[in-house]
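Student: Pasting a structure here, questions to come.
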Amino acid sequence: MPDAEFSAYLKSSAQRVDRALDGFLPKEKVAPSTIHQAMRYAVFAGGKRLRPILCLAAAEACGGEDELALPAACAVEVLHTYSLVHDDLPCMDDDDLRRGRPTCHKVYGEGMAVLCGDALLTEAFLMLTQSKPTPRYPIGVLVQELALTSGSRHLIGGQVMDLEGEGKSLTKAQLVKIHRAKTAALLTTSLRLGAMAVNATPAKLEALTTFGECLGLAFQIIDDILDVTQSTEVLGKTAGKDVDVAKATYPAIVGLEKSRKEAATLTKKAMAALEVFGKKAQRLHQIADYLLVREY
Ligand code: GRG
């Protein structure tokens, strides 16, 4: 379990992100009110805020003022929330529970949930354009980074491979490809955007990319493990879903123990990439440690 100081850091960072999100998102009263209520319902539902926290910690690791990374941090969180809202729809994973609450379509209906996801995706780019351009990275580069990751080459592409893999037995290599596209890509982009917001050198951007790719895969392996070892109450989403729908997962393909070992090895590899940052990467080290032992 994380120590008290690190827990306080996670909590205060999440609160900072939430305050910024509250400022960026249209208020509930803004017409048409239902869509803004749905967007806020999905966003302010108690997620871990992992992606924005990684974004801020990457800016800090690069020696910059992390405040400059707040618009990008909010952008990756609302983009992530959009993917959850759409993923939970009956035509996708058909889930009733997310972040410990009824899913968006259960409360607002399917049509509104589709629009809510669309609006959050669009809002993500609007938020990102509130970043300050830096000498190395004009806003267009930041937009390109997020668009590439969220499009059909990565996030959407991963979902396509996932949908097409349903009911089939996948190889480990195929599963790794899906995990990289669905999960590791956005985690990596969260780090990269934080670095870009503070004008990081190309070498530091590269180091964060390696860190993100390894950490992202480790994160998804742990997610697969938690699906079979944790309860619905602790996860805040339906536990055992992967087994129920015979989904290819790490534990299903290589077993629980080997999955745990691979996650630990990948985390070590991720940490090794942080050497170039010295002590400034303390928070990234702590986050990587925490993700390996997390319970939800
Ligand atoms: C665009 C529909 C669509 C799909 C793209 C990202 C994705 C593919 C689907 C979302 C659902 C999913 C299983 C994603 C894999 C990554 C993952 C484990 C997400 C959960 O992230 P956490 O644990 O969630 O950070 P919280 O709620 O804490 O933010």
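Quick note on naming: the chains in the structure tokens go A, B, ... in the order shown, residues restart at 1 in each chain, and ligands are numbered from 1 in order of appearance.
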Please identify all protein, DNA and RNA residues within 6 Å of ligand 1, counting only C-alpha atoms and all ligand atoms, and report them as a PDB file with N, CA, C and O atoms, in the first residue's frame.
Tutor:
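Saved result, selection_31.pdb, follows:
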ATOM      1  N   GLY A  47     -12.849   8.339 -10.638  1.00  0.00           N
ATOM      2  CA  GLY A  47     -11.749   7.592 -11.266  1.00  0.00           C
ATOM      3  C   GLY A  47     -10.436   7.872 -10.547  1.00  0.00           C
ATOM      4  O   GLY A  47     -10.328   8.841  -9.780  1.00  0.00           O
ATOM      5  N   LYS A  48      -9.434   7.060 -10.816  1.00  0.00           N
ATOM      6  CA  LYS A  48      -8.139   7.219 -10.135  1.00  0.00           C
ATOM      7  C   LYS A  48      -7.366   8.439 -10.610  1.00  0.00           C
ATOM      8  O   LYS A  48      -6.404   8.850  -9.995  1.00  0.00           O
ATOM      9  N   ARG A  49      -7.743   8.977 -11.769  1.00  0.00           N
ATOM     10  CA  ARG A  49      -7.037  10.139 -12.362  1.00  0.00           C
ATOM     11  C   ARG A  49      -5.582   9.792 -12.675  1.00  0.00           C
ATOM     12  O   ARG A  49      -4.686  10.657 -12.580  1.00  0.00           O
ATOM     13  N   LEU A  50      -5.348   8.527 -13.022  1.00  0.00           N
ATOM     14  CA  LEU A  50      -3.980   8.077 -13.284  1.00  0.00           C
ATOM     15  C   LEU A  50      -3.327   8.830 -14.451  1.00  0.00           C
ATOM     16  O   LEU A  50      -2.180   9.280 -14.355  1.00  0.00           O
ATOM     17  N   SER A  83     -13.794   7.087 -23.635  1.00  0.00           N
ATOM     18  CA  SER A  83     -13.595   5.691 -24.068  1.00  0.00           C
ATOM     19  C   SER A  83     -14.326   4.734 -23.126  1.00  0.00           C
ATOM     20  O   SER A  83     -14.849   3.706 -23.557  1.00  0.00           O
ATOM     21  N   LEU A  84     -14.395   5.082 -21.840  1.00  0.00           N
ATOM     22  CA  LEU A  84     -15.118   4.229 -20.883  1.00  0.00           C
ATOM     23  C   LEU A  84     -16.617   4.267 -21.161  1.00  0.00           C
ATOM     24  O   LEU A  84     -17.294   3.232 -21.162  1.00  0.00           O
ATOM     25  N   HIS A  86     -18.227   4.910 -23.946  1.00  0.00           N
ATOM     26  CA  HIS A  86     -18.562   4.159 -25.162  1.00  0.00           C
ATOM     27  C   HIS A  86     -18.299   2.661 -24.981  1.00  0.00           C
ATOM     28  O   HIS A  86     -19.063   1.829 -25.468  1.00  0.00           O
ATOM     29  N   ASP A  87     -17.237   2.316 -24.287  1.00  0.00           N
ATOM     30  CA  ASP A  87     -16.910   0.900 -24.072  1.00  0.00           C
ATOM     31  C   ASP A  87     -18.010   0.184 -23.282  1.00  0.00           C
ATOM     32  O   ASP A  87     -18.244  -1.012 -23.463  1.00  0.00           O
ATOM     33  N   ARG A  99     -16.894   2.841 -12.203  1.00  0.00           N
ATOM     34  CA  ARG A  99     -16.435   3.741 -11.149  1.00  0.00           C
ATOM     35  C   ARG A  99     -17.409   3.728  -9.958  1.00  0.00           C
ATOM     36  O   ARG A  99     -17.718   4.768  -9.366  1.00  0.00           O
ATOM     37  N   LEU A 155      -5.961   3.641 -29.925  1.00  0.00           N
ATOM     38  CA  LEU A 155      -7.122   3.347 -29.057  1.00  0.00           C
ATOM     39  C   LEU A 155      -8.268   2.651 -29.791  1.00  0.00           C
ATOM     40  O   LEU A 155      -8.701   1.559 -29.412  1.00  0.00           O
ATOM     41  N   ILE A 156      -8.756   3.282 -30.843  1.00  0.00           N
ATOM     42  CA  ILE A 156      -9.892   2.699 -31.586  1.00  0.00           C
ATOM     43  C   ILE A 156      -9.443   1.385 -32.234  1.00  0.00           C
ATOM     44  O   ILE A 156     -10.181   0.393 -32.232  1.00  0.00           O
ATOM     45  N   GLN A 159      -9.597  -1.355 -29.825  1.00  0.00           N
ATOM     46  CA  GLN A 159     -10.985  -1.783 -29.587  1.00  0.00           C
ATOM     47  C   GLN A 159     -11.483  -2.661 -30.742  1.00  0.00           C
ATOM     48  O   GLN A 159     -12.203  -3.627 -30.533  1.00  0.00           O
ATOM     49  N   LYS A 182      -4.878  -0.334 -26.710  1.00  0.00           N
ATOM     50  CA  LYS A 182      -6.011   0.120 -25.899  1.00  0.00           C
ATOM     51  C   LYS A 182      -5.573   0.858 -24.640  1.00  0.00           C
ATOM     52  O   LYS A 182      -6.277   1.742 -24.165  1.00  0.00           O
ATOM     53  N   THR A 183      -4.446   0.464 -24.090  1.00  0.00           N
ATOM     54  CA  THR A 183      -4.083   0.985 -22.769  1.00  0.00           C
ATOM     55  C   THR A 183      -2.755   1.742 -22.748  1.00  0.00           C
ATOM     56  O   THR A 183      -2.694   2.885 -22.309  1.00  0.00           O
ATOM     57  N   GLN A 220      -2.046  -2.848 -17.659  1.00  0.00           N
ATOM     58  CA  GLN A 220      -3.142  -3.653 -18.214  1.00  0.00           C
ATOM     59  C   GLN A 220      -3.066  -5.110 -17.745  1.00  0.00           C
ATOM     60  O   GLN A 220      -4.095  -5.749 -17.519  1.00  0.00           O
ATOM     61  N   ASP A 223      -4.553  -5.041 -14.469  1.00  0.00           N
ATOM     62  CA  ASP A 223      -6.005  -4.891 -14.638  1.00  0.00           C
ATOM     63  C   ASP A 223      -6.643  -6.259 -14.933  1.00  0.00           C
ATOM     64  O   ASP A 223      -7.688  -6.604 -14.377  1.00  0.00           O
TER      65      ASP A 223
END
Student: Please run DSSP on the backbone and report, as a tab-separated table (two decimals) with N, CA and C atoms, in the first residue's frame, all residues within segment 13-202 of chain A that come out as alpha helix (DSSP H).
Tutor:
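Wrote it out as part.tsv, contents follow:
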chain	number	residue	atom	x	y	z
A	13	SER	N	-3.22	15.71	-6.00
A	13	SER	CA	-3.10	15.85	-7.46
A	13	SER	C	-4.45	15.63	-8.13
A	14	ALA	N	-5.18	14.60	-7.65
A	14	ALA	CA	-6.50	14.31	-8.23
A	14	ALA	C	-7.45	15.50	-7.99
A	15	GLN	N	-7.33	16.10	-6.81
A	15	GLN	CA	-8.21	17.25	-6.50
A	15	GLN	C	-7.88	18.45	-7.40
A	16	ARG	N	-6.58	18.62	-7.65
A	16	ARG	CA	-6.15	19.71	-8.55
A	16	ARG	C	-6.74	19.51	-9.94
A	17	VAL	N	-6.65	18.28	-10.41
A	17	VAL	CA	-7.18	17.94	-11.73
A	17	VAL	C	-8.69	18.17	-11.74
A	18	ASP	N	-9.36	17.74	-10.68
A	18	ASP	CA	-10.82	17.89	-10.63
A	18	ASP	C	-11.24	19.36	-10.66
A	19	ARG	N	-10.48	20.19	-9.95
A	19	ARG	CA	-10.80	21.64	-9.96
A	19	ARG	C	-10.64	22.19	-11.38
A	20	ALA	N	-9.56	21.80	-12.04
A	20	ALA	CA	-9.33	22.29	-13.40
A	20	ALA	C	-10.41	21.76	-14.36
A	21	LEU	N	-10.79	20.50	-14.18
A	21	LEU	CA	-11.84	19.92	-15.03
A	21	LEU	C	-13.15	20.67	-14.83
A	22	ASP	N	-13.42	21.01	-13.58
A	22	ASP	CA	-14.66	21.74	-13.26
A	22	ASP	C	-14.66	23.09	-13.99
A	23	GLY	N	-13.49	23.70	-14.08
A	23	GLY	CA	-13.39	24.99	-14.77
A	23	GLY	C	-13.55	24.86	-16.28
A	24	PHE	N	-13.03	23.76	-16.83
A	24	PHE	CA	-13.07	23.58	-18.29
A	24	PHE	C	-14.44	23.11	-18.81
A	33	SER	N	-28.97	21.23	-21.20
A	33	SER	CA	-28.50	20.82	-19.88
A	33	SER	C	-28.23	19.31	-19.74
A	34	THR	N	-29.06	18.47	-20.36
A	34	THR	CA	-28.92	17.02	-20.14
A	34	THR	C	-27.53	16.51	-20.54
A	35	ILE	N	-27.02	16.98	-21.66
A	35	ILE	CA	-25.72	16.47	-22.11
A	35	ILE	C	-24.61	16.92	-21.15
A	36	HIS	N	-24.73	18.13	-20.63
A	36	HIS	CA	-23.69	18.62	-19.71
A	36	HIS	C	-23.77	17.90	-18.36
A	37	GLN	N	-24.99	17.53	-17.97
A	37	GLN	CA	-25.14	16.72	-16.75
A	37	GLN	C	-24.49	15.35	-16.98
A	38	ALA	N	-24.75	14.76	-18.14
A	38	ALA	CA	-24.21	13.42	-18.43
A	38	ALA	C	-22.68	13.46	-18.47
A	39	MET	N	-22.13	14.50	-19.09
A	39	MET	CA	-20.66	14.61	-19.18
A	39	MET	C	-20.05	14.71	-17.78
A	40	ARG	N	-20.66	15.54	-16.94
A	40	ARG	CA	-20.14	15.69	-15.58
A	40	ARG	C	-20.37	14.43	-14.75
A	41	TYR	N	-21.48	13.74	-14.99
A	41	TYR	CA	-21.75	12.48	-14.29
A	41	TYR	C	-20.62	11.47	-14.59
A	42	ALA	N	-20.24	11.39	-15.85
A	42	ALA	CA	-19.21	10.42	-16.25
A	42	ALA	C	-17.83	10.83	-15.75
A	43	VAL	N	-17.53	12.12	-15.81
A	43	VAL	CA	-16.18	12.58	-15.44
A	43	VAL	C	-15.99	12.59	-13.92
A	50	LEU	N	-5.35	8.53	-13.02
A	50	LEU	CA	-3.98	8.08	-13.28
A	50	LEU	C	-3.33	8.83	-14.45
A	51	ARG	N	-4.07	8.96	-15.55
A	51	ARG	CA	-3.46	9.58	-16.74
A	51	ARG	C	-3.08	11.05	-16.49
A	52	PRO	N	-4.00	11.86	-15.92
A	52	PRO	CA	-3.57	13.23	-15.63
A	52	PRO	C	-2.44	13.32	-14.61
A	53	ILE	N	-2.44	12.42	-13.63
A	53	ILE	CA	-1.35	12.47	-12.64
A	53	ILE	C	-0.01	12.13	-13.31
A	54	LEU	N	-0.03	11.17	-14.23
A	54	LEU	CA	1.20	10.85	-14.98
A	54	LEU	C	1.64	12.06	-15.80
A	55	CYS	N	0.68	12.77	-16.36
A	55	CYS	CA	0.98	13.94	-17.19
A	55	CYS	C	1.70	15.01	-16.34
A	56	LEU	N	1.15	15.27	-15.17
A	56	LEU	CA	1.75	16.28	-14.28
A	56	LEU	C	3.12	15.82	-13.78
A	57	ALA	N	3.23	14.54	-13.44
A	57	ALA	CA	4.51	14.02	-12.91
A	57	ALA	C	5.59	14.02	-14.00
A	58	ALA	N	5.18	13.85	-15.26
A	58	ALA	CA	6.16	13.88	-16.35
A	58	ALA	C	6.70	15.30	-16.52
A	59	ALA	N	5.81	16.29	-16.40
A	59	ALA	CA	6.26	17.69	-16.50
A	59	ALA	C	7.27	17.99	-15.40
A	60	GLU	N	6.97	17.49	-14.20
A	60	GLU	CA	7.87	17.69	-13.05
A	60	GLU	C	9.21	17.00	-13.30
A	61	ALA	N	9.16	15.77	-13.81
A	61	ALA	CA	10.39	15.02	-14.08
A	61	ALA	C	11.29	15.76	-15.08
A	70	LEU	N	-1.50	21.26	-16.92
A	70	LEU	CA	-2.89	20.99	-16.47
A	70	LEU	C	-3.90	20.86	-17.61
A	71	PRO	N	-3.86	21.74	-18.64
A	71	PRO	CA	-4.83	21.54	-19.74
A	71	PRO	C	-4.67	20.17	-20.41
A	72	ALA	N	-3.42	19.74	-20.61
A	72	ALA	CA	-3.19	18.43	-21.23
A	72	ALA	C	-3.64	17.32	-20.29
A	73	ALA	N	-3.41	17.52	-18.98
A	73	ALA	CA	-3.82	16.51	-17.99
A	73	ALA	C	-5.35	16.33	-18.04
A	74	CYS	N	-6.07	17.44	-18.12
A	74	CYS	CA	-7.54	17.37	-18.19
A	74	CYS	C	-7.96	16.72	-19.51
A	75	ALA	N	-7.26	17.06	-20.57
A	75	ALA	CA	-7.61	16.52	-21.89
A	75	ALA	C	-7.51	14.99	-21.90
A	76	VAL	N	-6.43	14.43	-21.34
A	76	VAL	CA	-6.30	12.96	-21.38
A	76	VAL	C	-7.34	12.29	-20.49
A	77	GLU	N	-7.73	12.96	-19.40
A	77	GLU	CA	-8.74	12.35	-18.52
A	77	GLU	C	-10.12	12.33	-19.19
A	78	VAL	N	-10.50	13.42	-19.87
A	78	VAL	CA	-11.84	13.39	-20.49
A	78	VAL	C	-11.83	12.47	-21.72
A	79	LEU	N	-10.70	12.37	-22.39
A	79	LEU	CA	-10.63	11.44	-23.50
A	79	LEU	C	-10.76	9.99	-22.99
A	80	HIS	N	-10.07	9.71	-21.90
A	80	HIS	CA	-10.18	8.38	-21.26
A	80	HIS	C	-11.64	8.13	-20.84
A	81	THR	N	-12.29	9.14	-20.27
A	81	THR	CA	-13.68	8.96	-19.81
A	81	THR	C	-14.61	8.67	-20.99
A	82	TYR	N	-14.38	9.36	-22.10
A	82	TYR	CA	-15.18	9.07	-23.31
A	82	TYR	C	-15.04	7.60	-23.69
A	83	SER	N	-13.79	7.09	-23.63
A	83	SER	CA	-13.60	5.69	-24.07
A	83	SER	C	-14.33	4.73	-23.13
A	84	LEU	N	-14.39	5.08	-21.84
A	84	LEU	CA	-15.12	4.23	-20.88
A	84	LEU	C	-16.62	4.27	-21.16
A	85	VAL	N	-17.15	5.48	-21.40
A	85	VAL	CA	-18.60	5.63	-21.65
A	85	VAL	C	-19.00	4.81	-22.87
A	86	HIS	N	-18.23	4.91	-23.95
A	86	HIS	CA	-18.56	4.16	-25.16
A	86	HIS	C	-18.30	2.66	-24.98
A	87	ASP	N	-17.24	2.32	-24.29
A	87	ASP	CA	-16.91	0.90	-24.07
A	87	ASP	C	-18.01	0.18	-23.28
A	104	CYS	N	-23.16	5.39	-17.67
A	104	CYS	CA	-23.79	6.59	-18.23
A	104	CYS	C	-25.09	6.24	-18.97
A	105	HIS	N	-25.05	5.18	-19.79
A	105	HIS	CA	-26.28	4.86	-20.56
A	105	HIS	C	-27.40	4.34	-19.67
A	106	LYS	N	-27.04	3.77	-18.51
A	106	LYS	CA	-28.08	3.29	-17.58
A	106	LYS	C	-28.85	4.47	-17.00
A	107	VAL	N	-28.15	5.58	-16.80
A	107	VAL	CA	-28.78	6.75	-16.19
A	107	VAL	C	-29.42	7.66	-17.25
A	108	TYR	N	-28.70	7.87	-18.35
A	108	TYR	CA	-29.15	8.87	-19.34
A	108	TYR	C	-29.70	8.28	-20.64
A	110	GLU	N	-29.13	5.27	-23.96
A	110	GLU	CA	-28.04	4.97	-24.90
A	110	GLU	C	-27.70	6.14	-25.82
A	111	GLY	N	-28.72	6.78	-26.35
A	111	GLY	CA	-28.48	7.88	-27.28
A	111	GLY	C	-27.67	8.97	-26.63
A	112	MET	N	-28.07	9.34	-25.40
A	112	MET	CA	-27.36	10.41	-24.69
A	112	MET	C	-25.93	9.98	-24.34
A	113	ALA	N	-25.74	8.68	-24.03
A	113	ALA	CA	-24.39	8.20	-23.68
A	113	ALA	C	-23.46	8.25	-24.90
A	114	VAL	N	-24.01	7.95	-26.08
A	114	VAL	CA	-23.20	8.06	-27.31
A	114	VAL	C	-22.78	9.52	-27.48
A	115	LEU	N	-23.76	10.41	-27.34
A	115	LEU	CA	-23.46	11.84	-27.52
A	115	LEU	C	-22.51	12.35	-26.43
A	116	CYS	N	-22.67	11.84	-25.23
A	116	CYS	CA	-21.81	12.24	-24.11
A	116	CYS	C	-20.36	11.87	-24.43
A	117	GLY	N	-20.14	10.65	-24.92
A	117	GLY	CA	-18.79	10.23	-25.30
A	117	GLY	C	-18.24	11.12	-26.42
A	118	ASP	N	-19.08	11.36	-27.41
A	118	ASP	CA	-18.66	12.23	-28.54
A	118	ASP	C	-18.25	13.61	-28.03
A	119	ALA	N	-19.08	14.15	-27.12
A	119	ALA	CA	-18.81	15.50	-26.60
A	119	ALA	C	-17.53	15.53	-25.77
A	120	LEU	N	-17.29	14.47	-24.99
A	120	LEU	CA	-16.08	14.43	-24.17
A	120	LEU	C	-14.83	14.33	-25.05
A	121	LEU	N	-14.94	13.54	-26.11
A	121	LEU	CA	-13.81	13.41	-27.05
A	121	LEU	C	-13.49	14.78	-27.66
A	122	THR	N	-14.53	15.48	-28.07
A	122	THR	CA	-14.33	16.80	-28.68
A	122	THR	C	-13.76	17.79	-27.66
A	123	GLU	N	-14.32	17.72	-26.45
A	123	GLU	CA	-13.89	18.62	-25.37
A	123	GLU	C	-12.41	18.42	-25.04
A	124	ALA	N	-11.94	17.18	-25.17
A	124	ALA	CA	-10.53	16.89	-24.87
A	124	ALA	C	-9.61	17.75	-25.75
A	125	PHE	N	-9.96	17.86	-27.01
A	125	PHE	CA	-9.11	18.64	-27.92
A	125	PHE	C	-9.23	20.14	-27.62
A	126	LEU	N	-10.44	20.56	-27.22
A	126	LEU	CA	-10.63	21.96	-26.84
A	126	LEU	C	-9.75	22.30	-25.63
A	127	MET	N	-9.75	21.40	-24.66
A	127	MET	CA	-8.92	21.62	-23.46
A	127	MET	C	-7.44	21.67	-23.83
A	128	LEU	N	-7.03	20.75	-24.69
A	128	LEU	CA	-5.62	20.68	-25.07
A	128	LEU	C	-5.15	21.99	-25.72
A	139	ILE	N	1.13	24.12	-30.49
A	139	ILE	CA	-0.11	23.41	-30.11
A	139	ILE	C	-0.47	22.31	-31.12
A	140	GLY	N	-0.19	22.56	-32.38
A	140	GLY	CA	-0.51	21.57	-33.41
A	140	GLY	C	0.15	20.22	-33.14
A	141	VAL	N	1.36	20.26	-32.57
A	141	VAL	CA	2.08	19.01	-32.28
A	141	VAL	C	1.38	18.26	-31.14
A	142	LEU	N	0.89	19.01	-30.16
A	142	LEU	CA	0.16	18.37	-29.05
A	142	LEU	C	-1.13	17.74	-29.56
A	143	VAL	N	-1.83	18.47	-30.42
A	143	VAL	CA	-3.09	17.98	-30.98
A	143	VAL	C	-2.84	16.71	-31.81
A	144	GLN	N	-1.77	16.76	-32.59
A	144	GLN	CA	-1.40	15.59	-33.41
A	144	GLN	C	-1.12	14.37	-32.52
A	145	GLU	N	-0.42	14.61	-31.44
A	145	GLU	CA	-0.08	13.51	-30.51
A	145	GLU	C	-1.36	12.84	-29.99
A	146	LEU	N	-2.31	13.66	-29.53
A	146	LEU	CA	-3.54	13.09	-28.95
A	146	LEU	C	-4.42	12.44	-30.02
A	147	ALA	N	-4.45	13.06	-31.20
A	147	ALA	CA	-5.28	12.52	-32.28
A	147	ALA	C	-4.76	11.16	-32.74
A	148	LEU	N	-3.45	11.07	-32.86
A	148	LEU	CA	-2.84	9.82	-33.33
A	148	LEU	C	-3.13	8.68	-32.34
A	149	THR	N	-2.99	8.99	-31.07
A	149	THR	CA	-3.20	7.97	-30.04
A	149	THR	C	-4.66	7.54	-29.92
A	150	SER	N	-5.58	8.52	-30.06
A	150	SER	CA	-6.98	8.16	-29.83
A	150	SER	C	-7.67	7.60	-31.09
A	155	LEU	N	-5.96	3.64	-29.92
A	155	LEU	CA	-7.12	3.35	-29.06
A	155	LEU	C	-8.27	2.65	-29.79
A	156	ILE	N	-8.76	3.28	-30.84
A	156	ILE	CA	-9.89	2.70	-31.59
A	156	ILE	C	-9.44	1.39	-32.23
A	157	GLY	N	-8.21	1.39	-32.76
A	157	GLY	CA	-7.69	0.17	-33.39
A	157	GLY	C	-7.66	-0.99	-32.39
A	158	GLY	N	-7.28	-0.69	-31.15
A	158	GLY	CA	-7.24	-1.71	-30.11
A	158	GLY	C	-8.63	-2.27	-29.84
A	159	GLN	N	-9.60	-1.36	-29.83
A	159	GLN	CA	-10.98	-1.78	-29.59
A	159	GLN	C	-11.48	-2.66	-30.74
A	160	VAL	N	-11.07	-2.32	-31.96
A	160	VAL	CA	-11.44	-3.12	-33.14
A	160	VAL	C	-10.87	-4.54	-33.01
A	161	MET	N	-9.58	-4.61	-32.66
A	161	MET	CA	-8.94	-5.93	-32.50
A	161	MET	C	-9.63	-6.72	-31.40
A	162	ASP	N	-10.03	-6.00	-30.34
A	162	ASP	CA	-10.72	-6.61	-29.21
A	162	ASP	C	-12.07	-7.20	-29.67
A	163	LEU	N	-12.84	-6.37	-30.39
A	163	LEU	CA	-14.15	-6.81	-30.88
A	163	LEU	C	-14.00	-8.01	-31.81
A	164	GLU	N	-13.03	-7.92	-32.71
A	164	GLU	CA	-12.85	-9.00	-33.69
A	164	GLU	C	-12.28	-10.27	-33.04
A	165	GLY	N	-11.67	-10.11	-31.86
A	165	GLY	CA	-11.07	-11.26	-31.18
A	165	GLY	C	-12.07	-12.00	-30.29
A	172	LYS	N	-0.53	-14.85	-27.26
A	172	LYS	CA	-0.03	-13.82	-26.35
A	172	LYS	C	0.38	-12.57	-27.15
A	173	ALA	N	0.99	-12.80	-28.31
A	173	ALA	CA	1.44	-11.66	-29.14
A	173	ALA	C	0.26	-10.81	-29.57
A	174	GLN	N	-0.85	-11.45	-29.92
A	174	GLN	CA	-2.05	-10.69	-30.33
A	174	GLN	C	-2.61	-9.90	-29.14
A	175	LEU	N	-2.60	-10.54	-27.97
A	175	LEU	CA	-3.11	-9.85	-26.78
A	175	LEU	C	-2.24	-8.64	-26.43
A	176	VAL	N	-0.93	-8.82	-26.51
A	176	VAL	CA	-0.01	-7.71	-26.22
A	176	VAL	C	-0.29	-6.54	-27.16
A	177	LYS	N	-0.56	-6.86	-28.42
A	177	LYS	CA	-0.86	-5.82	-29.41
A	177	LYS	C	-2.11	-5.03	-29.00
A	178	ILE	N	-3.14	-5.75	-28.55
A	178	ILE	CA	-4.37	-5.09	-28.11
A	178	ILE	C	-4.11	-4.23	-26.87
A	179	HIS	N	-3.42	-4.79	-25.90
A	179	HIS	CA	-3.13	-4.05	-24.66
A	179	HIS	C	-2.30	-2.80	-24.94
A	185	ALA	N	-0.92	3.04	-25.07
A	185	ALA	CA	-0.77	4.22	-25.93
A	185	ALA	C	-1.22	5.50	-25.23
A	186	LEU	N	-2.37	5.47	-24.55
A	186	LEU	CA	-2.86	6.70	-23.90
A	186	LEU	C	-2.03	7.05	-22.65
A	187	LEU	N	-1.56	6.02	-21.95
A	187	LEU	CA	-0.69	6.30	-20.80
A	187	LEU	C	0.60	6.98	-21.29
A	188	THR	N	1.14	6.47	-22.40
A	188	THR	CA	2.38	7.04	-22.95
A	188	THR	C	2.13	8.48	-23.42
A	189	THR	N	1.01	8.68	-24.09
A	189	THR	CA	0.71	10.04	-24.57
A	189	THR	C	0.48	11.00	-23.40
A	190	SER	N	-0.09	10.52	-22.31
A	190	SER	CA	-0.28	11.38	-21.13
A	190	SER	C	1.07	11.90	-20.65
A	191	LEU	N	2.05	11.01	-20.60
A	191	LEU	CA	3.40	11.40	-20.18
A	191	LEU	C	4.03	12.34	-21.19
A	192	ARG	N	3.90	12.00	-22.45
A	192	ARG	CA	4.53	12.80	-23.51
A	192	ARG	C	3.94	14.22	-23.56
A	193	LEU	N	2.63	14.33	-23.38
A	193	LEU	CA	2.01	15.66	-23.42
A	193	LEU	C	2.48	16.50	-22.23
A	194	GLY	N	2.63	15.86	-21.06
A	194	GLY	CA	3.15	16.57	-19.89
A	194	GLY	C	4.54	17.11	-20.17
A	195	ALA	N	5.35	16.29	-20.83
A	195	ALA	CA	6.72	16.69	-21.16
A	195	ALA	C	6.72	17.81	-22.21
A	196	MET	N	5.85	17.67	-23.20
A	196	MET	CA	5.79	18.70	-24.26
A	196	MET	C	5.35	20.05	-23.69
A	197	ALA	N	4.46	20.00	-22.71
A	197	ALA	CA	3.94	21.25	-22.13
A	197	ALA	C	5.04	22.07	-21.47
A	202	PRO	N	14.11	16.24	-26.77
A	202	PRO	CA	13.73	14.99	-27.43
A	202	PRO	C	14.21	13.75	-26.67
Student: Have a look at A:Arg101, A:Lys247, A:Lys11, A:Lys241 and name the one nearest to Leu170 of chain A; count only C-alpha atoms.
Tutor: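 Ranked by minimum distance to Leu170 of chain A, first place goes to A:Lys247.
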Student: Go through A:Gly100, A:Gly255, A:Pro26, A:Gly212 one by one, measure the shortest atom-to-atom distance of each to Asp224 of chain A using only C-alpha atoms, and give the residue with the smallest value.
Tutor: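 Using only C-alpha atoms, Asp224 of chain A sits closest to A:Gly255.
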Student: Which one of A:Leu266, A:Ala8, A:Leu97, A:Val293 sits closest to Phe211 of chain A if you count only C-alpha atoms?
Tutor: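 Among A:Leu266, A:Ala8, A:Leu97, A:Val293, it is A:Leu266 that comes nearest to Phe211 of chain A.
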Student: What lies within 9 Å of Phe277 of chain A using only C-alpha atoms, ignoring chain neighbours under 4 positions off, as a list in words?
Tutor: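 Within the cut-off, the hits are Ala61, Cys62, Gly63, Lys204, Ala207, Ala273, Ala281 and Gln282 of chain A.
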Student: Restrict the selected residues to N, CA and C atoms and save them as a PDB file, in the first residue's frame.
Tutor:
ATOM      1  N   ALA A  61       9.157  15.771 -13.809  1.00  0.00           N
ATOM      2  CA  ALA A  61      10.393  15.022 -14.076  1.00  0.00           C
ATOM      3  C   ALA A  61      11.285  15.761 -15.081  1.00  0.00           C
ATOM      4  N   CYS A  62      10.645  16.473 -15.994  1.00  0.00           N
ATOM      5  CA  CYS A  62      11.414  17.209 -17.016  1.00  0.00           C
ATOM      6  C   CYS A  62      11.899  18.559 -16.498  1.00  0.00           C
ATOM      7  N   GLY A  63      11.650  18.827 -15.224  1.00  0.00           N
ATOM      8  CA  GLY A  63      12.150  20.062 -14.611  1.00  0.00           C
ATOM      9  C   GLY A  63      11.274  21.268 -14.888  1.00  0.00           C
ATOM     10  N   LYS A 204      14.488  13.346 -23.437  1.00  0.00           N
ATOM     11  CA  LYS A 204      13.597  13.094 -22.288  1.00  0.00           C
ATOM     12  C   LYS A 204      12.245  12.557 -22.767  1.00  0.00           C
ATOM     13  N   ALA A 207      12.706   8.940 -23.438  1.00  0.00           N
ATOM     14  CA  ALA A 207      12.789   8.144 -22.198  1.00  0.00           C
ATOM     15  C   ALA A 207      11.391   7.936 -21.618  1.00  0.00           C
ATOM     16  N   ALA A 273      14.172   3.241 -17.469  1.00  0.00           N
ATOM     17  CA  ALA A 273      14.135   4.326 -18.460  1.00  0.00           C
ATOM     18  C   ALA A 273      14.143   5.700 -17.805  1.00  0.00           C
ATOM     19  N   ALA A 281      12.441  12.398 -11.039  1.00  0.00           N
ATOM     20  CA  ALA A 281      11.456  11.380 -11.432  1.00  0.00           C
ATOM     21  C   ALA A 281      10.921  10.595 -10.237  1.00  0.00           C
ATOM     22  N   GLN A 282      11.136  11.134  -9.016  1.00  0.00           N
ATOM     23  CA  GLN A 282      10.704  10.403  -7.811  1.00  0.00           C
ATOM     24  C   GLN A 282       9.219  10.029  -7.876  1.00  0.00           C
TER      25      GLN A 282
END
Student: Determine, counting only C-alpha atoms, which protein, DNA and RNA residues have an atom within 8 Å of an atom of Gly240 of chain A; residues of the same chain fewer than 3 positions away are not included. Present the result as a PyMOL selection string.
Tutor: chain A and resi 227-228+243-244
